[in-house]
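Heads up, structure-v7.cif below (mmCIF, C-alpha atoms and all ligand atoms):
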```cif
data_input
#
loop_
_atom_site.label_atom_id
_atom_site.label_comp_id
_atom_site.auth_asym_id
_atom_site.auth_seq_id
_atom_site.Cartn_x
_atom_site.Cartn_y
_atom_site.Cartn_z
CA GLU A 1 114.10 149.16 48.72
CA VAL A 2 111.59 146.83 50.31
CA TYR A 3 108.81 148.34 48.24
CA GLU A 4 110.83 147.75 45.06
CA ILE A 5 110.92 144.05 45.91
CA VAL A 6 107.30 143.58 46.94
CA LYS A 7 105.42 146.13 44.84
CA PRO A 8 102.38 144.79 42.97
CA ARG A 9 103.32 143.50 39.52
CA TYR A 10 100.66 140.94 38.74
CA LYS A 11 96.93 140.54 38.53
CA LEU A 12 96.31 137.85 41.11
CA PHE A 13 94.43 134.61 40.54
CA THR A 14 96.28 132.93 43.37
CA ALA A 15 95.26 130.27 45.89
CA GLY A 16 95.96 132.70 48.75
CA PRO A 17 97.09 135.15 49.86
CA VAL A 18 94.90 136.86 47.29
CA ALA A 19 94.48 140.49 46.22
CA CYS A 20 92.85 142.54 48.96
CA PHE A 21 90.04 145.00 48.55
CA PRO A 22 91.41 148.57 48.35
CA GLU A 23 89.17 149.60 51.27
CA VAL A 24 90.80 146.85 53.34
CA LEU A 25 94.34 148.01 52.58
CA GLU A 26 93.30 151.56 53.38
CA ILE A 27 92.03 150.79 56.91
CA MET A 28 95.02 148.57 57.65
CA LYS A 29 97.34 151.57 57.41
CA VAL A 30 96.04 153.21 60.60
CA GLN A 31 98.47 153.86 63.42
CA MET A 32 98.38 151.11 66.09
CA PHE A 33 97.04 151.43 69.61
CA SER A 34 96.45 149.06 72.53
CA HIS A 35 94.29 146.04 71.87
CA ARG A 36 92.75 146.61 75.32
CA ALA A 37 91.62 150.12 74.34
CA LYS A 38 87.88 150.74 73.99
CA GLU A 39 88.22 151.33 70.23
CA TYR A 40 89.53 147.82 69.63
CA LYS A 41 86.77 146.35 71.78
CA VAL A 42 84.14 148.06 69.64
CA ILE A 43 85.57 146.63 66.41
CA HIS A 44 86.13 143.19 67.96
CA MET A 45 82.53 142.84 69.11
CA ASP A 46 81.12 144.31 65.90
CA THR A 47 83.18 141.82 63.85
CA LEU A 48 81.88 138.91 65.94
CA GLU A 49 78.28 140.07 65.39
CA ARG A 50 78.75 140.44 61.64
CA LEU A 51 80.41 137.01 61.38
CA LYS A 52 77.57 135.42 63.38
CA LYS A 53 75.18 136.68 60.76
CA PHE A 54 77.40 135.75 57.81
CA LEU A 55 77.99 132.21 59.08
CA GLU A 56 74.40 131.83 60.39
CA ALA A 57 75.85 130.90 63.76
CA GLU A 58 73.43 132.40 66.27
CA ASN A 59 73.97 129.42 68.62
CA GLY A 60 77.71 129.28 68.07
CA GLU A 61 80.59 131.27 69.45
CA ILE A 62 82.74 133.23 67.02
CA ILE A 63 86.44 133.08 67.80
CA LEU A 64 89.16 135.21 66.21
CA PHE A 65 92.60 133.59 66.45
CA PRO A 66 96.02 135.20 66.08
CA SER A 67 97.20 132.42 63.77
CA SER A 68 96.62 131.26 60.22
CA GLY A 69 93.88 128.68 59.60
CA THR A 70 96.03 125.68 60.49
CA GLY A 71 96.03 126.86 64.11
CA PHE A 72 92.39 125.85 64.29
CA MET A 73 93.13 122.30 63.14
CA GLU A 74 95.43 122.04 66.12
CA ALA A 75 92.92 123.72 68.43
CA ALA A 76 90.07 121.44 67.34
CA VAL A 77 92.08 118.32 68.09
CA ARG A 78 93.65 119.46 71.37
CA ASN A 79 90.46 120.80 72.88
CA THR A 80 88.14 117.90 72.18
CA VAL A 81 89.97 114.62 71.55
CA PRO A 82 91.87 112.95 74.39
CA ARG A 83 95.41 111.76 73.78
CA GLY A 84 95.25 108.43 71.94
CA GLY A 85 91.64 109.14 70.89
CA LYS A 86 90.55 108.55 67.30
CA VAL A 87 89.50 110.98 64.59
CA LEU A 88 88.02 110.07 61.20
CA VAL A 89 89.84 112.25 58.68
CA THR A 90 88.32 112.52 55.21
CA ILE A 91 90.92 113.22 52.54
CA ILE A 92 90.23 114.50 49.03
CA GLY A 93 93.57 116.28 48.61
CA ALA A 94 96.58 117.89 50.24
CA PHE A 95 94.71 119.75 52.98
CA GLY A 96 92.84 116.68 54.15
CA LYS A 97 96.30 115.12 54.51
CA ARG A 98 97.41 118.07 56.58
CA PHE A 99 94.55 117.48 59.03
CA LYS A 100 95.74 113.87 59.39
CA GLU A 101 99.26 115.09 60.17
CA VAL A 102 97.90 117.51 62.76
CA VAL A 103 95.88 114.74 64.42
CA GLU A 104 98.87 112.40 64.55
CA SER A 105 101.49 114.95 65.54
CA ASN A 106 99.32 115.82 68.54
CA GLY A 107 99.37 112.20 69.73
CA ARG A 108 95.87 111.31 68.52
CA LYS A 109 95.00 108.53 66.06
CA ALA A 110 93.67 109.10 62.56
CA VAL A 111 91.51 106.72 60.58
CA THR A 112 91.02 107.89 57.02
CA LEU A 113 88.48 107.89 54.23
CA GLU A 114 90.47 108.86 51.16
CA TYR A 115 89.61 109.64 47.54
CA GLU A 116 91.61 110.22 44.40
CA PRO A 117 92.19 113.86 43.33
CA GLY A 118 89.11 115.50 41.81
CA LYS A 119 86.59 113.49 43.81
CA ALA A 120 84.35 114.63 46.66
CA VAL A 121 83.41 112.65 49.79
CA LYS A 122 80.22 110.64 49.27
CA PRO A 123 77.69 110.59 52.15
CA GLU A 124 77.16 106.81 51.88
CA ASP A 125 80.92 106.17 52.18
CA LEU A 126 81.09 108.41 55.23
CA ASP A 127 78.17 106.57 56.79
CA ASP A 128 79.92 103.29 56.12
CA ALA A 129 83.24 104.53 57.59
CA LEU A 130 81.44 105.69 60.73
CA ARG A 131 79.69 102.35 61.11
CA LYS A 132 83.07 100.63 60.90
CA ASN A 133 84.68 103.07 63.34
CA PRO A 134 82.08 103.78 66.02
CA ASP A 135 84.81 104.78 68.49
CA VAL A 136 85.93 107.98 66.73
CA HIS A 137 85.43 111.23 68.62
CA ALA A 138 85.23 113.46 65.59
CA VAL A 139 85.13 113.69 61.80
CA THR A 140 87.11 116.20 59.74
CA ILE A 141 85.93 117.51 56.39
CA THR A 142 87.73 119.86 54.02
CA TYR A 143 84.79 121.92 52.76
CA ASN A 144 86.75 123.22 49.78
CA GLU A 145 89.90 121.32 48.81
CA THR A 146 92.19 124.05 47.51
CA SER A 147 94.57 121.60 45.85
CA THR A 148 91.92 120.01 43.61
CA GLY A 149 89.23 122.70 43.35
CA VAL A 150 86.54 120.43 44.78
CA LEU A 151 83.71 121.59 47.03
CA ASN A 152 82.50 118.81 49.31
CA PRO A 153 78.71 118.45 49.79
CA LEU A 154 78.92 119.74 53.35
CA PRO A 155 75.18 119.80 54.29
CA GLU A 156 74.78 116.12 53.29
CA LEU A 157 78.01 115.07 54.98
CA ALA A 158 77.16 116.98 58.14
CA LYS A 159 73.81 115.15 58.29
CA VAL A 160 75.62 111.81 58.33
CA VAL A 161 78.03 112.95 61.05
CA ASN A 162 75.11 114.19 63.14
CA GLU A 163 73.26 110.89 62.74
CA HIS A 164 76.29 109.18 64.26
CA ASP A 165 76.48 111.86 66.95
CA LYS A 166 80.15 112.70 66.37
CA LEU A 167 81.87 116.05 66.54
CA LEU A 168 82.26 117.69 63.13
CA PHE A 169 85.34 119.79 62.32
CA VAL A 170 85.23 121.64 59.02
CA ASP A 171 88.27 123.14 57.34
CA ALA A 172 86.67 126.03 55.45
CA VAL A 173 89.93 127.88 54.84
CA SER A 174 89.27 128.35 51.11
CA ALA A 175 85.46 128.19 51.45
CA MET A 176 84.59 130.72 54.14
CA GLY A 177 83.55 133.92 52.40
CA GLY A 178 83.12 132.17 49.03
CA ALA A 179 80.75 129.27 49.72
CA ASP A 180 77.63 129.26 51.87
CA ILE A 181 77.90 128.25 55.53
CA LYS A 182 74.85 127.62 57.70
CA PHE A 183 76.52 126.72 60.97
CA ASP A 184 73.43 126.17 63.16
CA LYS A 185 71.26 124.51 60.55
CA TRP A 186 73.89 122.08 59.30
CA GLY A 187 74.99 121.08 62.82
CA ILE A 188 78.69 121.93 62.72
CA ASP A 189 80.93 121.90 65.82
CA ILE A 190 84.03 123.73 64.60
CA ILE A 191 84.37 125.52 61.26
CA PHE A 192 87.37 127.68 60.51
CA GLY A 193 88.66 129.95 57.79
CA SER A 194 91.66 132.17 57.12
CA SER A 195 91.65 135.89 56.44
CA GLN A 196 93.81 135.62 53.29
CA LYS A 197 91.33 133.69 51.17
CA ALA A 198 87.77 134.52 50.06
CA PHE A 199 87.40 137.53 52.37
CA GLY A 200 90.33 139.18 50.59
CA VAL A 201 92.24 140.29 53.71
CA PRO A 202 96.00 139.79 54.34
CA PRO A 203 97.11 136.62 56.19
CA GLY A 204 97.46 136.27 59.94
CA LEU A 205 93.93 135.92 61.24
CA ALA A 206 91.93 132.72 61.64
CA ILE A 207 88.16 132.91 62.01
CA ALA A 208 85.93 130.23 63.48
CA ALA A 209 82.47 129.37 64.71
CA ILE A 210 82.37 126.87 67.59
CA SER A 211 79.41 124.96 69.05
CA GLN A 212 78.60 125.15 72.75
CA ARG A 213 79.21 121.42 73.24
CA VAL A 214 82.82 121.92 72.16
CA PHE A 215 83.37 124.23 75.14
CA GLU A 216 81.75 121.72 77.51
CA ILE A 217 84.14 119.02 76.31
CA ALA A 218 87.15 121.35 76.19
CA GLU A 219 86.72 122.58 79.75
CA LYS A 220 87.35 119.02 80.95
CA MET A 221 90.19 118.28 78.52
CA PRO A 222 93.55 118.10 80.30
CA GLU A 223 96.68 119.62 78.77
CA ARG A 224 94.82 121.42 76.01
CA GLY A 225 97.55 124.07 76.00
CA TRP A 226 97.24 127.83 76.43
CA TYR A 227 97.59 129.49 73.04
CA PHE A 228 94.74 127.47 71.53
CA ASP A 229 92.63 127.10 74.67
CA LEU A 230 89.12 127.58 73.25
CA PRO A 231 87.30 128.21 76.56
CA LEU A 232 89.85 130.95 77.29
CA TYR A 233 89.00 132.64 73.96
CA LYS A 234 85.31 132.45 74.75
CA LYS A 235 85.92 133.99 78.18
CA PHE A 236 87.92 136.84 76.65
CA ASN A 237 85.19 137.56 74.10
CA TYR A 238 82.85 138.33 77.00
CA LYS A 239 85.12 139.65 79.75
CA LYS A 240 87.62 141.71 77.73
CA GLN A 241 85.94 142.07 74.34
CA GLY A 242 89.17 140.83 72.84
CA THR A 243 91.55 137.87 72.60
CA PRO A 244 93.82 136.39 75.33
CA SER A 245 97.00 137.37 73.47
CA THR A 246 97.53 140.26 71.05
CA PRO A 247 95.40 139.92 67.91
CA PRO A 248 96.52 140.97 64.40
CA MET A 249 94.54 144.20 64.73
CA PRO A 250 94.95 145.43 61.14
CA GLN A 251 93.51 142.14 59.84
CA VAL A 252 90.55 142.42 62.21
CA PHE A 253 89.90 145.96 60.93
CA GLY A 254 90.24 144.74 57.35
CA LEU A 255 87.82 141.87 57.94
CA ASN A 256 85.33 144.25 59.51
CA VAL A 257 85.51 146.46 56.43
CA VAL A 258 84.90 143.47 54.11
CA LEU A 259 81.87 142.42 56.14
CA ARG A 260 80.53 145.94 55.68
CA ILE A 261 81.22 145.79 51.92
CA ILE A 262 79.22 142.53 51.82
CA GLU A 263 76.33 144.21 53.60
CA LYS A 264 76.41 147.18 51.21
CA MET A 265 76.40 144.79 48.26
CA GLY A 266 73.04 143.47 49.48
CA GLY A 267 74.15 140.78 51.93
CA LYS A 268 75.57 137.29 51.81
CA GLU A 269 73.39 136.02 48.95
CA GLU A 270 74.51 138.78 46.58
CA TRP A 271 78.15 138.38 47.61
CA LEU A 272 78.08 134.60 47.05
CA LYS A 273 76.42 135.14 43.66
CA MET A 274 79.45 137.21 42.71
CA TYR A 275 81.66 134.25 43.60
CA GLN A 276 79.46 131.86 41.61
CA LYS A 277 79.58 134.16 38.61
CA ARG A 278 83.38 134.39 38.74
CA ALA A 279 83.67 130.60 38.99
CA GLU A 280 81.29 129.97 36.09
CA MET A 281 83.06 132.51 33.90
CA ILE A 282 86.40 130.84 34.59
CA ARG A 283 85.14 127.29 34.10
CA ASN A 284 83.38 128.19 30.85
CA GLY A 285 86.44 130.08 29.61
CA VAL A 286 88.77 127.20 30.44
CA ARG A 287 86.51 124.69 28.66
CA GLU A 288 86.26 126.96 25.61
CA ILE A 289 90.06 126.89 25.40
CA GLY A 290 89.70 123.10 25.25
CA LEU A 291 91.04 122.34 28.72
CA GLU A 292 89.59 119.96 31.26
CA ILE A 293 88.73 120.69 34.87
CA LEU A 294 89.94 118.28 37.56
CA ALA A 295 86.84 118.41 39.77
CA GLU A 296 84.14 115.85 39.13
CA PRO A 297 80.98 117.45 37.71
CA GLY A 298 78.64 118.88 40.34
CA TYR A 299 81.38 119.46 42.92
CA GLU A 300 83.30 122.33 41.33
CA SER A 301 84.64 124.91 43.74
CA PRO A 302 83.32 128.48 43.77
CA THR A 303 86.73 129.81 44.86
CA ILE A 304 89.43 127.94 42.90
CA THR A 305 89.62 125.86 39.70
CA ALA A 306 92.26 123.17 39.14
CA VAL A 307 92.85 122.71 35.40
CA LEU A 308 94.43 119.68 33.73
CA THR A 309 97.16 120.60 31.27
CA PRO A 310 97.15 119.17 27.72
CA GLU A 311 99.54 116.29 26.89
CA GLY A 312 103.17 117.39 26.89
CA ILE A 313 102.65 120.63 28.84
CA LYS A 314 103.52 120.99 32.51
CA GLY A 315 101.41 123.04 34.90
CA GLU A 316 104.44 125.06 35.85
CA GLU A 317 105.01 126.09 32.22
CA VAL A 318 101.52 127.58 32.10
CA TYR A 319 102.12 129.30 35.43
CA ASN A 320 105.45 130.77 34.26
CA ALA A 321 104.11 131.93 30.89
CA MET A 322 101.12 133.62 32.54
CA ARG A 323 103.41 135.38 35.00
CA GLU A 324 105.41 136.76 32.12
CA ARG A 325 102.18 138.26 30.84
CA GLY A 326 101.38 139.86 34.20
CA PHE A 327 99.01 137.27 35.69
CA GLU A 328 99.84 135.23 38.73
CA LEU A 329 97.87 131.98 38.83
CA ALA A 330 98.72 129.08 41.20
CA LYS A 331 100.89 126.06 40.49
CA GLY A 332 99.55 122.54 40.80
CA TYR A 333 99.66 121.25 44.35
CA GLY A 334 99.58 117.77 45.81
CA GLU A 335 100.68 114.24 45.16
CA GLY A 336 100.04 112.95 41.65
CA ILE A 337 98.65 116.23 40.29
CA LYS A 338 101.41 118.78 40.90
CA GLU A 339 102.86 118.48 37.40
CA LYS A 340 99.73 117.98 35.37
CA THR A 341 97.59 120.76 36.77
CA PHE A 342 97.65 124.48 37.36
CA ARG A 343 95.10 126.39 39.38
CA ILE A 344 93.14 129.58 38.89
CA GLY A 345 92.03 131.19 42.13
CA HIS A 346 88.87 133.32 42.05
CA MET A 347 89.22 134.81 45.51
CA GLY A 348 89.65 138.34 46.79
CA TYR A 349 89.66 141.52 44.80
CA MET A 350 89.21 141.15 41.03
CA THR A 351 86.86 142.45 38.36
CA PHE A 352 85.00 140.53 35.67
CA GLU A 353 87.12 142.41 33.11
CA ASP A 354 90.26 141.05 34.83
CA ILE A 355 88.86 137.54 34.40
CA GLU A 356 88.16 138.08 30.69
CA GLU A 357 91.64 139.45 30.16
CA MET A 358 93.22 136.55 32.06
CA LEU A 359 91.25 134.00 29.99
CA GLN A 360 92.27 135.64 26.71
CA ASN A 361 95.93 135.46 27.78
CA LEU A 362 95.53 131.88 28.92
CA LYS A 363 94.14 130.97 25.50
CA GLU A 364 97.18 132.47 23.80
CA VAL A 365 99.60 130.86 26.27
CA ILE A 366 98.09 127.41 25.73
CA GLU A 367 98.26 127.85 21.93
CA GLU A 368 101.92 128.86 22.18
CA LEU A 369 102.84 126.00 24.50
CA LYS A 370 101.02 123.48 22.32
CA LYS A 371 103.10 124.59 19.34
CA LYS A 372 106.28 124.03 21.36
CA ALA A 373 105.19 120.72 22.86
N1 LIG B 401 93.14 124.18 54.54
C1 LIG B 401 92.92 124.57 53.27
C2 LIG B 401 91.78 123.99 52.53
C3 LIG B 401 93.78 125.52 52.69
O1 LIG B 401 93.59 125.92 51.44
C4 LIG B 401 94.86 126.03 53.44
C5 LIG B 401 95.80 127.00 52.84
O2 LIG B 401 95.88 127.19 51.66
C6 LIG B 401 95.01 125.60 54.76
C7 LIG B 401 94.13 124.68 55.27
C8 LIG B 401 96.07 126.18 55.60
O3 LIG B 401 95.66 127.47 55.96
P1 LIG B 401 96.69 128.51 56.56
O4 LIG B 401 97.78 128.65 55.56
O5 LIG B 401 95.84 129.75 56.73
O6 LIG B 401 97.16 127.95 57.85
#
```
Take the structure in the file and give it back as structure tokens.
Amino acid sequence: EVYEIVKPRYKLFTAGPVACFPEVLEIMKVQMFSHRAKEYKVIHMDTLERLKKFLEAENGEIILFPSSGTGFMEAAVRNTVPRGGKVLVTIIGAFGKRFKEVVESNGRKAVTLEYEPGKAVKPEDLDDALRKNPDVHAVTITYNETSTGVLNPLPELAKVVNEHDKLLFVDAVSAMGGADIKFDKWGIDIIFGSSQKAFGVPPGLAIAAISQRVFEIAEKMPERGWYFDLPLYKKFNYKKQGTPSTPPMPQVFGLNVVLRIIEKMGGKEEWLKMYQKRAEMIRNGVREIGLEILAEPGYESPTITAVLTPEGIKGEEVYNAMRERGFELAKGYGEGIKEKTFRIGHMGYMTFEDIEEMLQNLKEVIEELKKKA
């Protein structure tokens, strides 16, 4: 009965969770065993090593968290910013706003640098905001804003944050696995992702790289809590080859398998080229249909495209019509753009033929809706 409800019916172009690689689903079926058993330890440590390489984080600590990505927003704030302390939150869409809410709901203060939907953060504006707010402890950046399909220029923004010697927290939930990350070189303090996005693994696991100075600050931070106590996670990586509480083991196995698929494909560069190719195919296809992309030119996301609907057509109508044809896209998301956009995710398991087929159907759907409008 449950299967009848949840069985796969659509080709997924969602914002996440996304379709998983078949090899991932296969390994996730194994019978469970203790997370303190030697077999888990082997996979845990191997996953950390592979992630270090993928994220170019030789100097950082990789942490696997038994939460979704949002858990790391909370962890970043609680471990490094004292109560009442200030954080500069950059906002280019709905997930930047979430970081602000996390800062404030944890009793810290947020100052914001906000843009209209479709825009990316500009380094000169960030520099200016930091000059005006020299007392902030940290800066948050949404690397890829899932609601608008904009990829922020992270290396340039990180440079500015480093010049001001502030902590840098990067929400890479819909970027990690689909956009390049050079943790050491770019000078990041905390960068986190979620399993259910560009790695194509089911939800439930958050993945992060953390700088050593974060642990130095965190160790002295009172009331940082237990579940998201970063120094405790670091200790468990070394002492127990595991996590303080029970990890979502199937997701860790699935992630490990994806990291091996990436290696077999020829490494990170080849894998990211696949993501670029998907994104370009989708953007070109959408433009050929005569639709406009929300992201400002030069900042288009490699993992998700937000598309503006033609006059008289709502994003939800496109979403519903595509679902009827067997394709699940994503609805518009966020203030001011919910109704006039729909989104096409390019994450997880899909073929180039799936993309062509989806675009052909989208063309027909738009033609039909235009006739009705
Ligand atoms: N940040 C971004 C950019 C996201 O896209 C999402 C989820 O879509 C989140 C944060 C929240 O992540 P999670 O649902 O894994 O907590």
Legend entry - Point-to-point distance in Å for CA of Leu64 in chain A and CA of Gly93 in chain A: 26.2 Å
Legend entry - Expected selection as a PyMOL selection string for ligand LIG 401 (chain B) within 8 Å, all atoms listed in the file: chain A and resi 15-16+67-71+95-96+98+142-147+171-175+193-197+203-206
Legend entry - Closest of A:Tyr227, A:Phe13, A:Leu88, A:Glu26 to Asp354 in chain A - atom-to-atom distances counting all atoms listed in the file: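 Looking only at the distances to Asp354 in chain A, the closest residue turns out to be A:Phe13.
Here the selection is built from all atoms listed in the file, and the residues within 10 Å of (92.5, 142.2, 63.6) turn out to be A:Met28, A:His35, A:Tyr40, A:Ile43, A:His44, A:Thr47, A:Leu64, A:Phe65, A:Pro66, A:Ser195, A:Gly204, A:Leu205, A:Ala206, A:Gly242, A:Thr246, A:Pro247, A:Pro248, A:Met249, A:Pro250, A:Gln251, A:Val252, A:Phe253, A:Gly254, A:Leu255, A:Asn256.
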Inset, instruction - Would you work out the distance separating CA of Met281 in chain A from CA of Ile355 in chain A, expressed in Å to one decimal? - result: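 So the answer is 7.7 Å.
For the pair CA of Trp226 in chain A and CA of Ala208 in chain A, the separation is 17.4 Å.
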Legend entry - Minimum-distance residue to Asp180 in chain A, chosen among A:Asn152, A:Ser34, A:Asn361, A:Asn59 (using all atoms listed in the file):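 Nearest to Asp180 in chain A: A:Asn152.
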Inset, instruction - Kindly indicate which residue among A:Gly118, A:Phe169, A:Leu359, A:Gly315 lies nearest to Gly298 in chain A, using only C-alpha atoms for the distances. - result: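 Residue with the minimum atom-to-atom distance to Gly298 in chain A: A:Gly118.
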Inset, instruction - Fewer than 5 positions away in the same chain doesn't count, so skip those; otherwise give me all residues within 7 Å of range 319-324 of chain A, counting all atoms listed in the file, as a ChimeraX atom specification. - result: /A:329-331,342,362,365
What are the nearest atom pairs, with distances in Å to one decimal, for all residues of range 142-252 of chain A that come at most 9 Å from range 258-270 of chain A, using all atoms listed in the file, set out by chain and rising residue number as a Markdown table?
```
| residue | atom | partner | partner_atom | distance |
| --- | --- | --- | --- | --- |
| A:Gly177 | CA | A:Lys268 | CA | 8.7 |
| A:Asp180 | CA | A:Lys268 | CA | 8.3 |
| A:Phe199 | CA | A:Val258 | CA | 6.7 |
| A:Gly200 | CA | A:Val258 | CA | 7.8 |
| A:Val201 | CA | A:Val258 | CA | 8.0 |
```
Go ahead and write the selection's residues with C-alpha atoms as a PDB file, in the frame of the given file.
```
ATOM      1  CA  GLY A 177      83.550 133.920  52.400  1.00  0.00           C
ATOM      2  CA  ASP A 180      77.630 129.260  51.870  1.00  0.00           C
ATOM      3  CA  PHE A 199      87.400 137.530  52.370  1.00  0.00           C
ATOM      4  CA  GLY A 200      90.330 139.180  50.590  1.00  0.00           C
ATOM      5  CA  VAL A 201      92.240 140.290  53.710  1.00  0.00           C
TER       6      VAL A 201
END
```
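Within the 12 Å cut-off around Glu367 in chain A, using only C-alpha atoms and omitting residues fewer than 4 positions from it on the same chain, the listed residues are Ile289, Gly290, Leu291, Thr309, Pro310, Ile313, Val318, Ala321, Gln360, Asn361, Leu362, Lys363, Lys371, Lys372 and Ala373 of chain A.
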Inset, instruction - Choose the residue, out of A:Lys235, A:Arg343, A:Arg50, A:Arg36, that has the smallest atom-to-atom separation from Arg283 in chain A; count all atoms listed in the file. - result: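 Counting all atoms listed in the file, the residue closest to Arg283 in chain A is A:Arg343.
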Legend entry - Using only C-alpha atoms: which of A:Pro117, A:Gly107, A:Gly348, A:Pro22 has the shortest distance to Glu335 in chain A: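 Under the stated criterion, the closest residue is A:Pro117.
Compared by their closest atoms to Ile91 in chain A, and using all atoms listed in the file, the residues A:Lys38, A:Leu126, A:Asn133, A:Glu219 rank with A:Leu126 nearest.
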Would you mind putting back N, CA and C atoms on range 309-330 of chain A, then writing it out as a PDB file, keeping the file's coordinate frame?
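Below you can see part35.pdb, which holds the result:
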```pdb
ATOM      1  N   THR A 309      96.433 120.077  32.429  1.00  0.00           N
ATOM      2  CA  THR A 309      97.160 120.600  31.270  1.00  0.00           C
ATOM      3  C   THR A 309      97.070 119.606  30.111  1.00  0.00           C
ATOM      4  N   PRO A 310      97.165 120.104  28.864  1.00  0.00           N
ATOM      5  CA  PRO A 310      97.150 119.170  27.720  1.00  0.00           C
ATOM      6  C   PRO A 310      98.421 118.329  27.724  1.00  0.00           C
ATOM      7  N   GLU A 311      98.375 117.187  27.043  1.00  0.00           N
ATOM      8  CA  GLU A 311      99.540 116.290  26.890  1.00  0.00           C
ATOM      9  C   GLU A 311     100.806 117.075  26.581  1.00  0.00           C
ATOM     10  N   GLY A 312     101.886 116.786  27.247  1.00  0.00           N
ATOM     11  CA  GLY A 312     103.170 117.390  26.890  1.00  0.00           C
ATOM     12  C   GLY A 312     103.418 118.765  27.501  1.00  0.00           C
ATOM     13  N   ILE A 313     102.457 119.304  28.219  1.00  0.00           N
ATOM     14  CA  ILE A 313     102.650 120.630  28.840  1.00  0.00           C
ATOM     15  C   ILE A 313     102.558 120.479  30.360  1.00  0.00           C
ATOM     16  N   LYS A 314     103.532 121.071  31.050  1.00  0.00           N
ATOM     17  CA  LYS A 314     103.520 120.990  32.510  1.00  0.00           C
ATOM     18  C   LYS A 314     102.766 122.193  33.097  1.00  0.00           C
ATOM     19  N   GLY A 315     102.136 121.955  34.228  1.00  0.00           N
ATOM     20  CA  GLY A 315     101.410 123.040  34.900  1.00  0.00           C
ATOM     21  C   GLY A 315     102.294 124.246  35.152  1.00  0.00           C
ATOM     22  N   GLU A 316     103.528 123.971  35.515  1.00  0.00           N
ATOM     23  CA  GLU A 316     104.440 125.060  35.850  1.00  0.00           C
ATOM     24  C   GLU A 316     104.758 125.936  34.627  1.00  0.00           C
ATOM     25  N   GLU A 317     104.751 125.305  33.445  1.00  0.00           N
ATOM     26  CA  GLU A 317     105.010 126.090  32.220  1.00  0.00           C
ATOM     27  C   GLU A 317     103.882 127.099  32.001  1.00  0.00           C
ATOM     28  N   VAL A 318     102.668 126.672  32.250  1.00  0.00           N
ATOM     29  CA  VAL A 318     101.520 127.580  32.100  1.00  0.00           C
ATOM     30  C   VAL A 318     101.644 128.703  33.134  1.00  0.00           C
ATOM     31  N   TYR A 319     101.959 128.310  34.351  1.00  0.00           N
ATOM     32  CA  TYR A 319     102.120 129.300  35.430  1.00  0.00           C
ATOM     33  C   TYR A 319     103.189 130.330  35.068  1.00  0.00           C
ATOM     34  N   ASN A 320     104.350 129.858  34.594  1.00  0.00           N
ATOM     35  CA  ASN A 320     105.450 130.770  34.260  1.00  0.00           C
ATOM     36  C   ASN A 320     105.089 131.698  33.091  1.00  0.00           C
ATOM     37  N   ALA A 321     104.462 131.120  32.075  1.00  0.00           N
ATOM     38  CA  ALA A 321     104.110 131.930  30.890  1.00  0.00           C
ATOM     39  C   ALA A 321     103.073 132.997  31.256  1.00  0.00           C
ATOM     40  N   MET A 322     102.140 132.643  32.129  1.00  0.00           N
ATOM     41  CA  MET A 322     101.120 133.620  32.540  1.00  0.00           C
ATOM     42  C   MET A 322     101.745 134.724  33.385  1.00  0.00           C
ATOM     43  N   ARG A 323     102.720 134.382  34.180  1.00  0.00           N
ATOM     44  CA  ARG A 323     103.410 135.380  35.000  1.00  0.00           C
ATOM     45  C   ARG A 323     104.146 136.386  34.107  1.00  0.00           C
ATOM     46  N   GLU A 324     104.723 135.857  33.059  1.00  0.00           N
ATOM     47  CA  GLU A 324     105.410 136.760  32.120  1.00  0.00           C
ATOM     48  C   GLU A 324     104.442 137.755  31.495  1.00  0.00           C
ATOM     49  N   ARG A 325     103.181 137.369  31.414  1.00  0.00           N
ATOM     50  CA  ARG A 325     102.180 138.260  30.840  1.00  0.00           C
ATOM     51  C   ARG A 325     101.469 139.102  31.918  1.00  0.00           C
ATOM     52  N   GLY A 326     101.934 138.997  33.149  1.00  0.00           N
ATOM     53  CA  GLY A 326     101.380 139.860  34.200  1.00  0.00           C
ATOM     54  C   GLY A 326     100.236 139.258  35.007  1.00  0.00           C
ATOM     55  N   PHE A 327     100.074 137.919  34.918  1.00  0.00           N
ATOM     56  CA  PHE A 327      99.010 137.270  35.690  1.00  0.00           C
ATOM     57  C   PHE A 327      99.616 136.203  36.577  1.00  0.00           C
ATOM     58  N   GLU A 328      99.341 136.290  37.854  1.00  0.00           N
ATOM     59  CA  GLU A 328      99.840 135.230  38.730  1.00  0.00           C
ATOM     60  C   GLU A 328      98.709 134.261  39.052  1.00  0.00           C
ATOM     61  N   LEU A 329      98.826 133.048  38.510  1.00  0.00           N
ATOM     62  CA  LEU A 329      97.870 131.980  38.830  1.00  0.00           C
ATOM     63  C   LEU A 329      98.486 131.183  39.986  1.00  0.00           C
ATOM     64  N   ALA A 330      98.096 129.926  40.172  1.00  0.00           N
ATOM     65  CA  ALA A 330      98.720 129.080  41.200  1.00  0.00           C
ATOM     66  C   ALA A 330      99.209 127.800  40.549  1.00  0.00           C
TER      67      ALA A 330
END
```
